[in-house]
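Asker: Contents of data-v2.cif (mmCIF, C-alpha atoms (C1' of nucleotides)):
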```cif
data_coords
loop_
_atom_site.label_atom_id
_atom_site.label_comp_id
_atom_site.auth_asym_id
_atom_site.auth_seq_id
_atom_site.Cartn_x
_atom_site.Cartn_y
_atom_site.Cartn_z
CA MET A 1 22.83 -5.97 -3.54
CA GLN A 2 19.57 -5.23 -1.76
CA PHE A 3 16.14 -4.42 -3.18
CA ALA A 4 13.44 -3.14 -0.85
CA THR A 5 9.78 -2.18 -1.10
CA TRP A 6 7.78 -0.06 1.34
CA ASN A 7 4.27 1.29 1.23
CA VAL A 8 4.69 4.47 3.27
CA ASN A 9 1.05 5.63 3.34
CA SER A 10 1.89 9.32 2.76
CA LEU A 11 5.46 10.29 2.02
CA THR A 12 4.82 13.69 3.57
CA VAL A 13 4.21 12.08 6.95
CA ARG A 14 6.76 9.30 6.62
CA LEU A 15 9.71 11.13 5.02
CA PRO A 16 11.80 11.33 8.24
CA GLN A 17 11.23 7.61 8.81
CA VAL A 18 12.27 6.76 5.25
CA ILE A 19 15.44 8.84 5.56
CA ASP A 20 16.26 7.19 8.90
CA TRP A 21 15.55 3.74 7.50
CA LEU A 22 17.82 4.32 4.48
CA ALA A 23 20.63 5.46 6.77
CA ALA A 24 20.33 2.19 8.69
CA ASN A 25 19.57 0.11 5.57
CA PRO A 26 21.56 1.49 2.63
CA VAL A 27 19.83 -0.68 0.04
CA ALA A 28 20.62 -0.30 -3.66
CA VAL A 29 16.96 0.15 -4.56
CA LEU A 30 13.93 1.19 -2.53
CA GLY A 31 10.49 1.18 -4.15
CA LEU A 32 7.91 3.34 -2.40
CA GLN A 33 4.14 3.23 -2.75
CA GLU A 34 1.24 5.41 -1.63
CA LEU A 35 3.16 8.67 -1.78
CA LYS A 36 -0.14 10.59 -1.70
CA LEU A 37 1.43 13.70 -3.17
CA THR A 38 1.86 15.43 -6.50
CA ASP A 39 5.27 15.50 -8.20
CA ASP A 40 5.81 19.17 -7.33
CA LYS A 41 5.67 18.17 -3.66
CA PHE A 42 8.09 15.25 -3.97
CA PRO A 43 10.99 15.73 -1.48
CA LEU A 44 13.72 15.15 -4.06
CA GLN A 45 16.42 17.15 -2.28
CA ALA A 46 16.03 15.16 0.95
CA PHE A 47 16.78 11.94 -0.96
CA LEU A 48 19.66 13.49 -2.90
CA ASP A 49 21.13 14.60 0.42
CA ALA A 50 20.75 11.02 1.65
CA GLY A 51 22.74 9.76 -1.33
CA TYR A 52 19.88 8.50 -3.48
CA ASN A 53 18.59 9.27 -6.92
CA ALA A 54 14.82 9.38 -7.22
CA SER A 55 12.34 8.66 -9.99
CA PHE A 56 8.77 9.40 -9.03
CA PHE A 57 5.23 9.36 -10.32
CA GLY A 58 2.64 10.91 -8.06
CA GLN A 59 -0.87 12.34 -8.00
CA LYS A 60 -3.02 14.22 -5.56
CA THR A 61 -4.35 12.47 -2.42
CA TYR A 62 -4.02 8.85 -3.54
CA ASN A 63 -1.56 6.32 -4.95
CA GLY A 64 1.84 7.48 -6.22
CA VAL A 65 5.07 5.47 -6.55
CA ALA A 66 8.80 6.16 -6.55
CA LEU A 67 12.11 4.37 -7.07
CA LEU A 68 15.07 5.46 -4.97
CA THR A 69 18.35 4.16 -6.34
CA LYS A 70 21.98 4.45 -5.32
CA ALA A 71 23.00 4.31 -8.96
CA GLN A 72 21.47 6.48 -11.63
CA ALA A 73 18.29 4.90 -12.94
CA THR A 74 17.68 4.84 -16.67
CA ASN A 75 14.77 4.24 -19.02
CA VAL A 76 12.12 5.30 -16.50
CA VAL A 77 8.61 4.27 -17.53
CA LYS A 78 5.47 5.37 -15.68
CA ASN A 79 2.36 3.20 -15.40
CA ILE A 80 1.60 0.20 -17.63
CA PRO A 81 2.18 0.92 -21.31
CA ASN A 82 -0.88 0.09 -23.41
CA PHE A 83 -3.12 0.12 -20.33
CA THR A 84 -5.05 3.33 -19.82
CA ASP A 85 -5.05 4.25 -16.15
CA GLU A 86 -5.89 7.53 -14.47
CA GLN A 87 -4.13 6.40 -11.29
CA ALA A 88 -0.37 6.59 -10.65
CA ARG A 89 0.48 3.02 -9.70
CA VAL A 90 3.61 1.80 -11.47
CA ILE A 91 7.12 3.06 -12.10
CA ALA A 92 9.86 1.08 -13.81
CA ALA A 93 13.55 1.77 -14.27
CA THR A 94 16.84 0.07 -15.06
CA VAL A 95 19.82 -0.04 -12.70
CA PRO A 96 23.31 -1.46 -13.27
CA SER A 97 24.58 -4.50 -11.38
CA SER A 98 27.55 -6.83 -11.47
CA TRP A 99 25.40 -9.24 -13.53
CA GLY A 100 24.44 -6.56 -16.01
CA ASP A 101 21.42 -4.28 -16.08
CA ILE A 102 18.49 -5.14 -13.84
CA ARG A 103 15.02 -3.93 -14.70
CA ILE A 104 12.86 -2.93 -11.73
CA VAL A 105 9.07 -2.66 -11.80
CA ASN A 106 7.60 -1.07 -8.69
CA GLY A 107 3.82 -1.20 -8.28
CA TYR A 108 1.04 -0.15 -5.99
CA PHE A 109 -1.51 -2.78 -6.95
CA VAL A 110 -5.22 -1.98 -6.86
CA ASN A 111 -6.93 -2.63 -3.52
CA GLY A 112 -10.23 -3.76 -5.03
CA GLN A 113 -12.49 -3.04 -2.04
CA ALA A 114 -14.70 -6.15 -2.31
CA PRO A 115 -15.58 -8.84 -4.85
CA GLY A 116 -18.44 -7.80 -7.08
CA THR A 117 -17.66 -4.08 -6.99
CA ASP A 118 -16.45 -1.87 -9.83
CA LYS A 119 -13.16 -1.48 -7.97
CA PHE A 120 -12.68 -5.24 -7.91
CA GLU A 121 -13.33 -5.37 -11.65
CA TYR A 122 -10.71 -2.62 -12.10
CA LYS A 123 -8.30 -4.70 -10.01
CA MET A 124 -8.79 -7.74 -12.26
CA ASN A 125 -8.35 -5.69 -15.45
CA TRP A 126 -5.31 -3.95 -14.00
CA LEU A 127 -3.72 -7.28 -13.05
CA ARG A 128 -4.28 -8.61 -16.58
CA GLY A 129 -2.70 -5.46 -17.98
CA LEU A 130 0.24 -5.83 -15.65
CA ARG A 131 0.73 -9.47 -16.62
CA ASP A 132 0.88 -8.60 -20.33
CA TYR A 133 3.37 -5.85 -19.49
CA LEU A 134 5.58 -8.09 -17.35
CA ARG A 135 5.55 -10.87 -19.97
CA ASN A 136 6.92 -8.36 -22.42
CA GLU A 137 9.44 -6.93 -19.95
CA LEU A 138 10.77 -10.43 -19.21
CA GLU A 139 11.36 -11.03 -22.90
CA LYS A 140 13.41 -7.84 -23.09
CA ASN A 141 15.00 -8.05 -19.62
CA PRO A 142 15.95 -11.50 -18.30
CA ARG A 143 17.07 -9.88 -15.05
CA LEU A 144 13.81 -8.46 -13.71
CA VAL A 145 12.68 -7.53 -10.20
CA VAL A 146 9.00 -6.84 -9.54
CA MET A 147 8.25 -5.30 -6.18
CA GLY A 148 5.49 -3.51 -4.39
CA ASP A 149 2.25 -3.63 -2.47
CA PHE A 150 0.41 -6.41 -4.29
CA ASN A 151 -2.73 -6.28 -2.15
CA ILE A 152 -3.11 -10.07 -2.49
CA THR A 153 -2.35 -12.83 0.02
CA ARG A 154 -0.71 -15.66 -1.89
CA ASP A 155 -1.85 -18.41 0.48
CA ASP A 156 -3.66 -18.94 3.76
CA ALA A 157 -0.20 -18.80 5.38
CA ASP A 158 -0.11 -15.11 4.46
CA SER A 159 -3.18 -14.14 6.48
CA HIS A 160 -3.81 -13.94 10.22
CA ASP A 161 -7.36 -15.25 9.72
CA PRO A 162 -7.69 -17.17 6.45
CA GLU A 163 -10.90 -18.93 7.51
CA GLY A 164 -12.69 -15.85 8.77
CA LEU A 165 -11.58 -13.82 5.75
CA ARG A 166 -12.05 -16.51 3.10
CA GLU A 167 -13.08 -15.05 -0.27
CA THR A 168 -12.98 -11.51 1.11
CA ILE A 169 -10.73 -8.86 -0.43
CA HIS A 170 -7.04 -9.85 -0.60
CA HIS A 171 -8.10 -13.47 -0.05
CA THR A 172 -10.25 -14.33 -3.05
CA THR A 173 -9.51 -17.20 -5.40
CA LEU A 174 -9.66 -14.75 -8.32
CA GLU A 175 -6.92 -12.56 -6.84
CA ARG A 176 -4.75 -15.53 -5.93
CA GLU A 177 -5.11 -16.92 -9.46
CA GLN A 178 -3.89 -13.59 -10.81
CA LEU A 179 -0.85 -13.70 -8.52
CA LYS A 180 -0.17 -17.30 -9.58
CA ALA A 181 -0.32 -16.20 -13.20
CA LEU A 182 2.27 -13.50 -12.54
CA LEU A 183 4.56 -16.05 -10.88
CA ALA A 184 3.98 -18.42 -13.80
CA LEU A 185 5.62 -15.90 -16.11
CA GLY A 186 8.86 -16.93 -14.45
CA LEU A 187 8.98 -14.78 -11.33
CA ILE A 188 9.96 -16.06 -7.90
CA ASP A 189 8.41 -14.85 -4.64
CA ALA A 190 11.72 -14.29 -2.85
CA HIS A 191 10.28 -14.38 0.65
CA ARG A 192 8.48 -17.67 0.04
CA LEU A 193 11.59 -19.14 -1.55
CA VAL A 194 13.63 -18.35 1.54
CA HIS A 195 10.82 -19.31 3.96
CA PRO A 196 9.13 -22.24 2.23
CA ASP A 197 7.39 -23.76 5.26
CA LEU A 198 3.74 -22.67 5.22
CA ALA A 199 2.79 -21.79 8.78
CA VAL A 200 -0.66 -22.58 10.12
CA ASP A 201 -0.25 -20.89 13.49
CA LYS A 202 -0.54 -17.11 13.41
CA LYS A 203 2.55 -16.66 15.56
CA ASP A 204 4.70 -18.41 12.95
CA LYS A 205 3.41 -16.45 9.95
CA PHE A 206 5.13 -13.56 8.18
CA PHE A 207 3.18 -10.36 7.65
CA SER A 208 4.08 -7.07 5.97
CA TRP A 209 0.93 -5.14 6.92
CA TRP A 210 -1.06 -4.83 10.15
CA ASP A 211 -4.37 -3.07 10.68
CA TYR A 212 -4.09 0.29 12.43
CA ARG A 213 -7.31 -0.47 14.24
CA ASP A 214 -7.90 -2.52 17.34
CA PHE A 215 -4.21 -2.96 18.23
CA GLY A 216 -3.63 -4.84 14.99
CA PHE A 217 0.15 -4.90 15.27
CA ARG A 218 0.21 -5.81 18.93
CA ARG A 219 -2.29 -8.62 18.29
CA ASN A 220 -0.47 -9.61 15.08
CA ARG A 221 -3.57 -9.16 12.94
CA GLY A 222 -1.62 -8.93 9.72
CA LEU A 223 -1.28 -9.93 6.09
CA ARG A 224 1.66 -10.61 3.80
CA ILE A 225 0.74 -8.50 0.79
CA ASP A 226 4.05 -6.78 -0.03
CA TYR A 227 6.37 -8.76 -2.26
CA VAL A 228 9.70 -8.77 -4.02
CA LEU A 229 9.75 -11.07 -7.05
CA ALA A 230 12.87 -11.99 -8.99
CA SER A 231 13.16 -13.54 -12.44
CA GLU A 232 14.65 -17.01 -12.95
CA ALA A 233 17.98 -15.53 -14.03
CA LEU A 234 18.31 -13.86 -10.62
CA LYS A 235 16.96 -16.78 -8.57
CA PRO A 236 20.38 -18.41 -7.97
CA HIS A 237 21.53 -15.16 -6.41
CA ILE A 238 18.74 -14.76 -3.85
CA ALA A 239 20.55 -14.81 -0.50
CA SER A 240 17.77 -13.65 1.80
CA CYS A 241 14.42 -11.91 1.97
CA THR A 242 13.36 -10.29 5.21
CA ILE A 243 10.45 -8.26 6.49
CA ASP A 244 11.67 -5.43 8.69
CA LYS A 245 9.11 -4.90 11.43
CA THR A 246 11.06 -2.19 13.23
CA PRO A 247 9.47 0.81 11.43
CA ARG A 248 6.04 -0.48 12.48
CA LYS A 249 7.06 0.31 16.05
CA ASN A 250 7.76 3.99 15.23
CA GLU A 251 5.55 6.85 16.30
CA ARG A 252 3.02 7.41 13.50
CA PRO A 253 4.08 4.32 11.57
CA SER A 254 2.95 3.26 8.13
CA ASP A 255 0.66 0.26 8.32
CA HIS A 256 3.12 -1.53 6.00
CA THR A 257 6.74 -2.44 6.69
CA PRO A 258 9.70 -2.80 4.32
CA VAL A 259 10.47 -6.09 2.59
CA VAL A 260 14.12 -6.52 1.60
CA MET A 261 15.60 -9.02 -0.86
CA GLU A 262 19.35 -9.50 -1.00
CA LEU A 263 21.15 -10.84 -4.06
CA ARG A 264 24.63 -12.31 -3.61
CA PRO A 265 27.39 -12.63 -6.17
"C1'" DA B 1 -23.18 -6.70 10.72
"C1'" DT B 2 -20.56 -2.56 11.96
"C1'" DG B 3 -16.62 0.04 13.19
"C1'" DA B 4 -12.44 0.49 15.09
"C1'" DC B 5 -7.36 3.82 12.79
"C1'" DG B 6 -4.95 6.90 9.89
"C1'" DG B 7 -4.28 10.04 5.77
"C1'" DT B 8 -6.09 13.70 2.64
"C1'" DG B 9 -9.06 17.43 1.37
"C1'" DT B 10 -11.21 22.69 1.95
"C1'" DG B 11 -13.60 19.96 6.08
"C1'" DG B 12 -16.95 20.67 10.52
"C1'" DC B 13 -17.41 15.25 7.73
"C1'" DA B 14 -16.64 12.08 3.42
"C1'" DC B 15 -13.76 9.07 1.00
"C1'" DC B 16 -10.30 5.61 0.78
"C1'" DG B 17 -7.34 2.07 2.32
"C1'" DA B 18 -6.73 -3.31 3.76
#
```
What do you get writing this file as structure tokens?
Answerer:
Amino acid sequence: MQFATWNVNSLTVRLPQVIDWLAANPVAVLGLQELKLTDDKFPLQAFLDAGYNASFFGQKTYNGVALLTKAQATNVVKNIPNFTDEQARVIAATVPSSWGDIRIVNGYFVNGQAPGTDKFEYKMNWLRGLRDYLRNELEKNPRLVVMGDFNITRDDADSHDPEGLRETIHHTTLEREQLKALLALGLIDAHRLVHPDLAVDKKDKFFSWWDYRDFGFRRNRGLRIDYVLASEALKPHIASCTIDKTPRKNERPSDHTPVVMELRP
DNA sequence: ATGACGGTGTGGCACCGA
């Protein structure tokens, strides 16, 4: 059973690529971020035709998230309960599995622009709100998957230039402490679990995003900021976690690529 | 230090992302 996350940076532009990717990668669950469209513009029929159910939560121009599921999703919840947010960043739903129901939380985490800005403060508050939410979800749902664009590098191994970018956005100690706190709730970074050796050399690192500018992908100027986390109850079932770089080679690619976690019986 | 690229909006550039 596969769970994937993909920041598509405009679903309007990337829809054909998502449909193609699903045909080649018929995952059970695909979480999308940065839809950049309102719900009335969501291409529901295209996903139904592709054999997927869709739950979505969009807004104009920015943000927006969706969960595509082979099985019917239930108990869909939008954004973080008890955290007031004008931006559409989180969608949660429950899907059946052979181990029982699995709760999925799909998030487009705040970018934060730069330390010291209002946006960074929003990012910190949002992350605290999310942590309270996930603590509660874990109590109710032992089988929990948290996926999305986290906009945080966990370690220096997750950045192409950790020295040059030290304490800049996505690299700050404050952000990394927030990510650690999420993991401390009892969530496992599936990719790190499967690839535990922390690379120092850029060529050996794993990235899920590359800058559009300055031949970022070709020069491997990337970050690992997209994650799939699994709760302790699911940890024994984690078979693999891969970053699929092939869509980054498409014409008009998203700057992010899919991350796929597979659970085995 | 800046901007580079790409997407959206009601635009002739600004804002945002990472």
Asker: Rounded to one decimal place, report the atom CA of A:Phe207-atom CA of A:Thr168 distance in Å.
Answerer: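 These two atoms are separated by 17.5 Å.
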Asker: Show me, as a VMD selection string, every residue of chain A with an atom at most 6 Å from chain B, counting all atoms listed in the file.
Answerer: chain A and resid 61 212 to 214
Asker: Which distance in Å separates atom CA of A:Phe217 and atom CA of A:Asp255, to one decimal?
Answerer: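 We find that atom CA of A:Phe217 and atom CA of A:Asp255 lie 8.7 Å from each other.
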Asker: Grab the atom CA of A:Ala230 to atom CA of A:Ala24 distance for me, in Å with one decimal place.
Answerer: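 These two atoms are separated by 23.9 Å.
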Asker: With the PyMOL selection byres ((chain A and resi 44-50) around 12) as the selection, what would be picked from this file? Answer as a PyMOL selection string, please.
Answerer: chain A and resi 11-12+15-27+30+39-43+51-56+66-72
Asker: Can you list, as a PyMOL selection string, the residues that the PyMOL selection byres ((chain A and resi 104) around 12) selects here?
Answerer: chain A and resi 3-5+28-31+55+66-69+73-78+90-97+101-103+105-107+134+137-138+141-148+228-231
Asker: Need to verify the contact set: A:Leu263, 7 Å, only C-alpha atoms (C1' of nucleotides), exclusion of same-chain residues closer than 2 positions in sequence. Can you return it as a list in words?
Answerer: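 Contacts, in chain order: Met1, Gln2, His237, Ile238, Ala239, Met261 and Pro265 of chain A.
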Asker: Let me make sure I understand: among A:Ala157, A:Leu35, A:Ala114, A:Leu130, which one has the smallest atom-to-atom distance to A:Gly222 if we use all atoms listed in the file?
Answerer: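 Ranking A:Ala157, A:Leu35, A:Ala114, A:Leu130 by distance to A:Gly222, first place goes to A:Ala157.
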Asker: If we draw a sphere of 10 Å around (13.2, -7.1, 7.1), which residues have at least one atom in it when counting all atoms listed in the file? Please report them as a ChimeraX atom specification.
Answerer: /A:4,25,208,240-247,257-261
Asker: Take the residues from that selection and put them in a file with C-alpha atoms, as an mmCIF file, in the coordinates of the input.
Answerer:
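New file again_16.cif:
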```cif
data_model
loop_
_atom_site.group_PDB
_atom_site.id
_atom_site.type_symbol
_atom_site.label_atom_id
_atom_site.label_comp_id
_atom_site.auth_asym_id
_atom_site.auth_seq_id
_atom_site.Cartn_x
_atom_site.Cartn_y
_atom_site.Cartn_z
ATOM 1 C CA ALA A 4 13.440 -3.140 -0.850
ATOM 2 C CA ASN A 25 19.570 0.110 5.570
ATOM 3 C CA SER A 208 4.080 -7.070 5.970
ATOM 4 C CA SER A 240 17.770 -13.650 1.800
ATOM 5 C CA CYS A 241 14.420 -11.910 1.970
ATOM 6 C CA THR A 242 13.360 -10.290 5.210
ATOM 7 C CA ILE A 243 10.450 -8.260 6.490
ATOM 8 C CA ASP A 244 11.670 -5.430 8.690
ATOM 9 C CA LYS A 245 9.110 -4.900 11.430
ATOM 10 C CA THR A 246 11.060 -2.190 13.230
ATOM 11 C CA PRO A 247 9.470 0.810 11.430
ATOM 12 C CA THR A 257 6.740 -2.440 6.690
ATOM 13 C CA PRO A 258 9.700 -2.800 4.320
ATOM 14 C CA VAL A 259 10.470 -6.090 2.590
ATOM 15 C CA VAL A 260 14.120 -6.520 1.600
ATOM 16 C CA MET A 261 15.600 -9.020 -0.860
#
```
Asker: Given the PyMOL selection byres ((chain A and resi 128) around 12) and the file above, list the residues it selects as a PyMOL selection string.
Answerer: chain A and resi 80+82-83+109-110+121-127+129-135+174-175+177-182
Asker: Would you list the contacts of A:His170 as an MDAnalysis selection string, taking every protein, DNA or RNA residue within 6 Å and counting only C-alpha atoms (C1' of nucleotides), but skipping same-chain residues closer than 2 positions in sequence?
Answerer: chainID A and resid 151:153
